[in-house]
Amino acid sequence: MEHLGQVFRFFREARHISLSEATGGEFSKSMLSRFENGQSELSAQKLFSALSAIRTETEEFTVAAGIQNHHSHKELLSQIQDLLQANQLDLLEELYLKKEKITQKSKHASDWVERLIVKAYLCALKESEKASPGELDFLHDYLFSVDIWGRYELNLFSVCTPVLSLDLFSQYTKEILSRKDFAALFANNRNTLHTTFLNGYLLAISQENITQADYFQQVIERHFYEENETYFRIVYLFAQGELACLKGQTEEGLSQMKKAVDIFRILNCQHSADYYQEALDTAFQKYSK
C-alpha cells in the first residue's frame, strides 16, 4: 500500500516532527523516507513505533488511510434487530438461507461477512445452531489476515463470538492478545475488549470449565477495569462468585453474587439487578444441595 507512507508523512509534517524523530530511534531515517515515498514497506512493529513517535493513534491513522473504510453492515444489523424485536426467528432463518445462497455464487468477502453475522445471531438464539467449518475458516482467515485491526475488525469479532466454541473463543483471544497492535487496539476499544473477555469468562463458567475460566480471569486481571468502568466490575464480581461456587466454595461464592446484585439495586439499575437476581436464584438451587 504505497499510500500508507503518504498518509504517514501528512501526519508527521502536520505535527512538525523530523524524519529522525519519527523513527523513535528504532530504525534508520532512510528506511522511513523510502516508506513515505512509496519505495518500500515498513513492518507492522516499526510502523507502530513510528506512529507512537509522531503522536498518532493507530485508529486515527487507519481511518485516514482508508483501511477502515469498510461496509458497516448497519442496514443488515437494523434488519436483524427488527426481526428480534418482533420475535420472528423463522424470518431470521430465512434471511440466513438467503445470505448463504448469495455466498454460493459470490466471492466477495462482504457477502460472507453478512452471512456470518446472521449465523451469529442464530447461534446466540438457538443452542442447536452451529457454524459450518467453512464459516469458521472464513472468519479466522478474514480477521487474522489483517495486519492492523481497527474498530471494524474488533466489532466483527465481537458480533461473531456466538459461533465460536469455548476452545475457539479462547484460541481467538490468545491470538488477539499476541497481536503487535494489541496495545493500541485496547487503548481505543476498551469497552469492546472488556466485554469480549468477560463473555469468555462467563461462557467458561456456564460450561463448568474451570481451566478456561481461570484463563479468562487472568486475562481480565491483566487488563483490569478503571474505576469509571463500574458495570464491568460488578458483573465480574458476580462471575467470580459463580466460579467460586463451581470450585466448591459455595457459601463464599453465593455471598459474592448477592453482593453484586445488591450493588445494582443500590445504584437503581433495576433491569440488571433483576437479571442477575434470576441467575443468583438459579445458582442457589444448583449449588445449595
# chains A, B, ... in the order shown; residues from 1 in each chain; ligands from 1

call {"tool": "select_by_dssp", "arguments": {"residues": "segment 168-268 of chain A", "states": "helix (DSSP H, G or I)", "output": "JSON, numbers by chain"}}
result
{"A": [168, 169, 170, 171, 172, 173, 174, 175, 176, 177, 182, 183, 184, 185, 186, 187, 188, 190, 191, 192, 193, 194, 195, 196, 197, 198, 199, 200, 201, 202, 203, 204, 205, 206, 210, 211, 212, 213, 214, 215, 216, 217, 218, 219, 220, 221, 222, 230, 231, 232, 233, 234, 235, 236, 237, 238, 239, 240, 241, 242, 243, 244, 245, 246, 250, 251, 252, 253, 254, 255, 256, 257, 258, 259, 260, 261, 262, 263, 264, 265, 266]}

call {"tool": "residues_around", "arguments": {"residues": "Ser158 of chain A", "least_positions_apart": "3", "cutoff": "8 Å", "atoms": "only C-alpha atoms", "output": "NGL selection string"}}
result
:A and (154-155 or 161 or 192 or 196)

call {"tool": "write_last_selection", "arguments": {"atoms": "N, CA and C atoms", "output": "PDB file, in the first residue's frame"}}
result
ATOM      1  N   LEU A 154     -12.629  -5.494  15.179  1.00  0.00           N
ATOM      2  CA  LEU A 154     -12.931  -5.873  16.557  1.00  0.00           C
ATOM      3  C   LEU A 154     -14.431  -6.053  16.764  1.00  0.00           C
ATOM      4  N   ASN A 155     -15.230  -5.155  16.201  1.00  0.00           N
ATOM      5  CA  ASN A 155     -16.684  -5.286  16.317  1.00  0.00           C
ATOM      6  C   ASN A 155     -17.182  -6.539  15.606  1.00  0.00           C
ATOM      7  N   THR A 161     -18.790 -13.822  18.032  1.00  0.00           N
ATOM      8  CA  THR A 161     -18.373 -14.759  19.083  1.00  0.00           C
ATOM      9  C   THR A 161     -19.387 -15.874  19.364  1.00  0.00           C
ATOM     10  N   THR A 192     -15.264  -2.690  24.216  1.00  0.00           N
ATOM     11  CA  THR A 192     -15.488  -3.883  23.397  1.00  0.00           C
ATOM     12  C   THR A 192     -14.621  -5.040  23.865  1.00  0.00           C
ATOM     13  N   THR A 196     -15.663  -8.600  25.551  1.00  0.00           N
ATOM     14  CA  THR A 196     -15.216  -9.858  24.951  1.00  0.00           C
ATOM     15  C   THR A 196     -14.588 -10.774  25.997  1.00  0.00           C
TER      16      THR A 196
END

call {"tool": "residues_around", "arguments": {"residues": "Gly253 of chain A", "least_positions_apart": "2", "cutoff": "10 Å", "atoms": "only C-alpha atoms", "output": "ChimeraX atom specification"}}
result
/A:237-251,255-259,283-284,287

call {"tool": "write_last_selection", "arguments": {"atoms": "N, CA and C atoms", "output": "CSV table (one decimal), in the first residue's frame"}}
result
chain,number,residue,atom,x,y,z
A,237,LEU,N,-17.5,-9.3,39.5
A,237,LEU,CA,-17.7,-9.7,40.9
A,237,LEU,C,-18.7,-10.9,41.0
A,238,PHE,N,-19.8,-10.7,40.2
A,238,PHE,CA,-20.9,-11.8,40.2
A,238,PHE,C,-20.3,-13.1,39.6
A,239,ALA,N,-19.5,-12.9,38.5
A,239,ALA,CA,-19.0,-14.1,37.8
A,239,ALA,C,-17.9,-14.8,38.7
A,240,GLN,N,-17.1,-14.0,39.4
A,240,GLN,CA,-16.2,-14.6,40.4
A,240,GLN,C,-16.9,-15.4,41.4
A,241,GLY,N,-18.0,-14.9,41.9
A,241,GLY,CA,-18.8,-15.7,42.9
A,241,GLY,C,-19.3,-17.0,42.3
A,242,GLU,N,-19.7,-17.0,41.1
A,242,GLU,CA,-20.2,-18.2,40.5
A,242,GLU,C,-19.1,-19.2,40.3
A,243,LEU,N,-17.9,-18.7,39.9
A,243,LEU,CA,-16.7,-19.6,39.7
A,243,LEU,C,-16.4,-20.2,41.1
A,244,ALA,N,-16.4,-19.4,42.1
A,244,ALA,CA,-16.1,-19.9,43.5
A,244,ALA,C,-17.1,-21.1,43.8
A,245,CYS,N,-18.4,-20.9,43.5
A,245,CYS,CA,-19.3,-22.0,43.7
A,245,CYS,C,-18.9,-23.2,43.0
A,246,LEU,N,-18.5,-23.0,41.7
A,246,LEU,CA,-18.1,-24.2,40.9
A,246,LEU,C,-16.9,-24.9,41.5
A,247,LYS,N,-16.1,-24.2,42.2
A,247,LYS,CA,-14.9,-24.8,42.8
A,247,LYS,C,-15.2,-25.3,44.2
A,248,GLY,N,-16.4,-25.3,44.6
A,248,GLY,CA,-16.8,-25.9,45.9
A,248,GLY,C,-16.9,-24.9,47.0
A,249,GLN,N,-16.6,-23.6,46.8
A,249,GLN,CA,-16.7,-22.6,47.8
A,249,GLN,C,-18.1,-21.9,47.8
A,250,THR,N,-19.1,-22.7,48.1
A,250,THR,CA,-20.5,-22.3,47.9
A,250,THR,C,-20.9,-21.1,48.7
A,251,GLU,N,-20.7,-21.1,50.0
A,251,GLU,CA,-21.1,-20.0,50.8
A,251,GLU,C,-20.5,-18.7,50.4
A,255,SER,N,-22.4,-15.5,48.4
A,255,SER,CA,-22.4,-14.2,49.1
A,255,SER,C,-21.8,-13.2,48.2
A,256,GLN,N,-20.8,-13.5,47.4
A,256,GLN,CA,-20.2,-12.6,46.4
A,256,GLN,C,-21.3,-12.2,45.3
A,257,MET,N,-22.0,-13.2,44.9
A,257,MET,CA,-23.0,-13.0,43.8
A,257,MET,C,-24.1,-12.1,44.3
A,258,LYS,N,-24.5,-12.3,45.6
A,258,LYS,CA,-25.6,-11.5,46.2
A,258,LYS,C,-25.1,-10.0,46.4
A,259,LYS,N,-23.8,-9.9,46.7
A,259,LYS,CA,-23.3,-8.6,46.9
A,259,LYS,C,-23.3,-7.8,45.6
A,283,ALA,N,-28.4,-20.3,40.6
A,283,ALA,CA,-27.1,-20.8,41.3
A,283,ALA,C,-27.4,-21.3,42.7
A,284,PHE,N,-28.3,-20.6,43.4
A,284,PHE,CA,-28.6,-21.1,44.8
A,284,PHE,C,-29.2,-22.5,44.7
A,287,TYR,N,-26.3,-25.0,43.6
A,287,TYR,CA,-25.1,-25.3,44.5
A,287,TYR,C,-25.5,-25.5,45.9

call {"tool": "residues_around", "arguments": {"residues": "Phe8 of chain A", "least_positions_apart": "2", "cutoff": "12 Å", "atoms": "only C-alpha atoms", "output": "VMD selection string"}}
result
chain A and resid 1 to 6 10 to 15 17 19 22 to 23 32 to 38 41 to 42 47 to 48 50 to 58 60 to 65

call {"tool": "residues_around", "arguments": {"residues": "segment 180-186 of chain A", "least_positions_apart": "4", "cutoff": "7 Å", "atoms": "only C-alpha atoms", "output": "short mmCIF file (atom, residue, chain, number, x, y, z; two decimals) with N, CA and C atoms, in the first residue's frame"}}
result
data_model
loop_
_atom_site.label_atom_id
_atom_site.label_comp_id
_atom_site.auth_asym_id
_atom_site.auth_seq_id
_atom_site.Cartn_x
_atom_site.Cartn_y
_atom_site.Cartn_z
N GLN A 45 5.56 -3.79 13.29
CA GLN A 45 6.18 -3.34 14.54
C GLN A 45 6.84 -1.97 14.37
N THR A 58 -3.28 4.64 16.30
CA THR A 58 -3.47 3.68 15.21
C THR A 58 -4.83 3.87 14.55
N ILE A 148 -3.33 -4.64 10.76
CA ILE A 148 -3.70 -3.63 11.76
C ILE A 148 -5.21 -3.67 11.94
N TRP A 149 -5.64 -4.06 13.12
CA TRP A 149 -7.07 -4.08 13.41
C TRP A 149 -7.56 -2.70 13.80
N GLY A 150 -8.77 -2.39 13.37
CA GLY A 150 -9.45 -1.19 13.82
C GLY A 150 -10.76 -1.58 14.46
N ILE A 176 -5.53 -12.55 19.63
CA ILE A 176 -5.72 -11.10 19.75
C ILE A 176 -4.69 -10.51 20.71
N ARG A 190 -11.57 -0.11 24.66
CA ARG A 190 -11.60 -0.77 25.97
C ARG A 190 -12.93 -1.49 26.22
N LEU A 193 -13.36 -4.77 24.17
CA LEU A 193 -12.47 -5.84 24.63
C LEU A 193 -12.82 -6.30 26.03
#

call {"tool": "atom_distance", "arguments": {"atom1": "atom CA of Thr195 of chain A", "atom2": "atom CA of Leu168 of chain A"}}
result
16.7 Å

call {"tool": "residues_around", "arguments": {"residues": "Asp141 of chain A", "least_positions_apart": "6", "cutoff": "12 Å", "atoms": "only C-alpha atoms", "output": "ChimeraX atom specification"}}
result
/A:109,112-113,134-135,147,172

call {"tool": "atom_distance", "arguments": {"atom1": "atom CA of Ser128 of chain A", "atom2": "atom CA of Ala86 of chain A"}}
result
21.4 Å

call {"tool": "residues_around", "arguments": {"residues": "Gln277 of chain A", "least_positions_apart": "2", "cutoff": "12 Å", "atoms": "only C-alpha atoms", "output": "list in words"}}
result
Val235, Phe238, Leu254, Met257, Lys258, Lys259, Ala260, Val261, Asp262, Ile263, Phe264, Arg265, Cys269, Gln270, His271, Ser272, Ala273, Asp274, Tyr275, Ala279, Leu280, Asp281, Thr282, Ala283 and Phe284 of chain A

call {"tool": "closest_residue", "arguments": {"among": "A:Tyr152, A:Tyr236, A:Tyr215, A:Phe144", "to": "Ser178 of chain A", "atoms": "only C-alpha atoms"}}
result
A:Phe144

call {"tool": "closest_residue", "arguments": {"among": "A:Val7, A:Lys46, A:Leu166, A:Cys123", "to": "Ser206 of chain A", "atoms": "only C-alpha atoms"}}
result
A:Leu166

call {"tool": "atom_distance", "arguments": {"atom1": "atom CA of Val146 of chain A", "atom2": "atom CA of Tyr121 of chain A"}}
result
24.0 Å
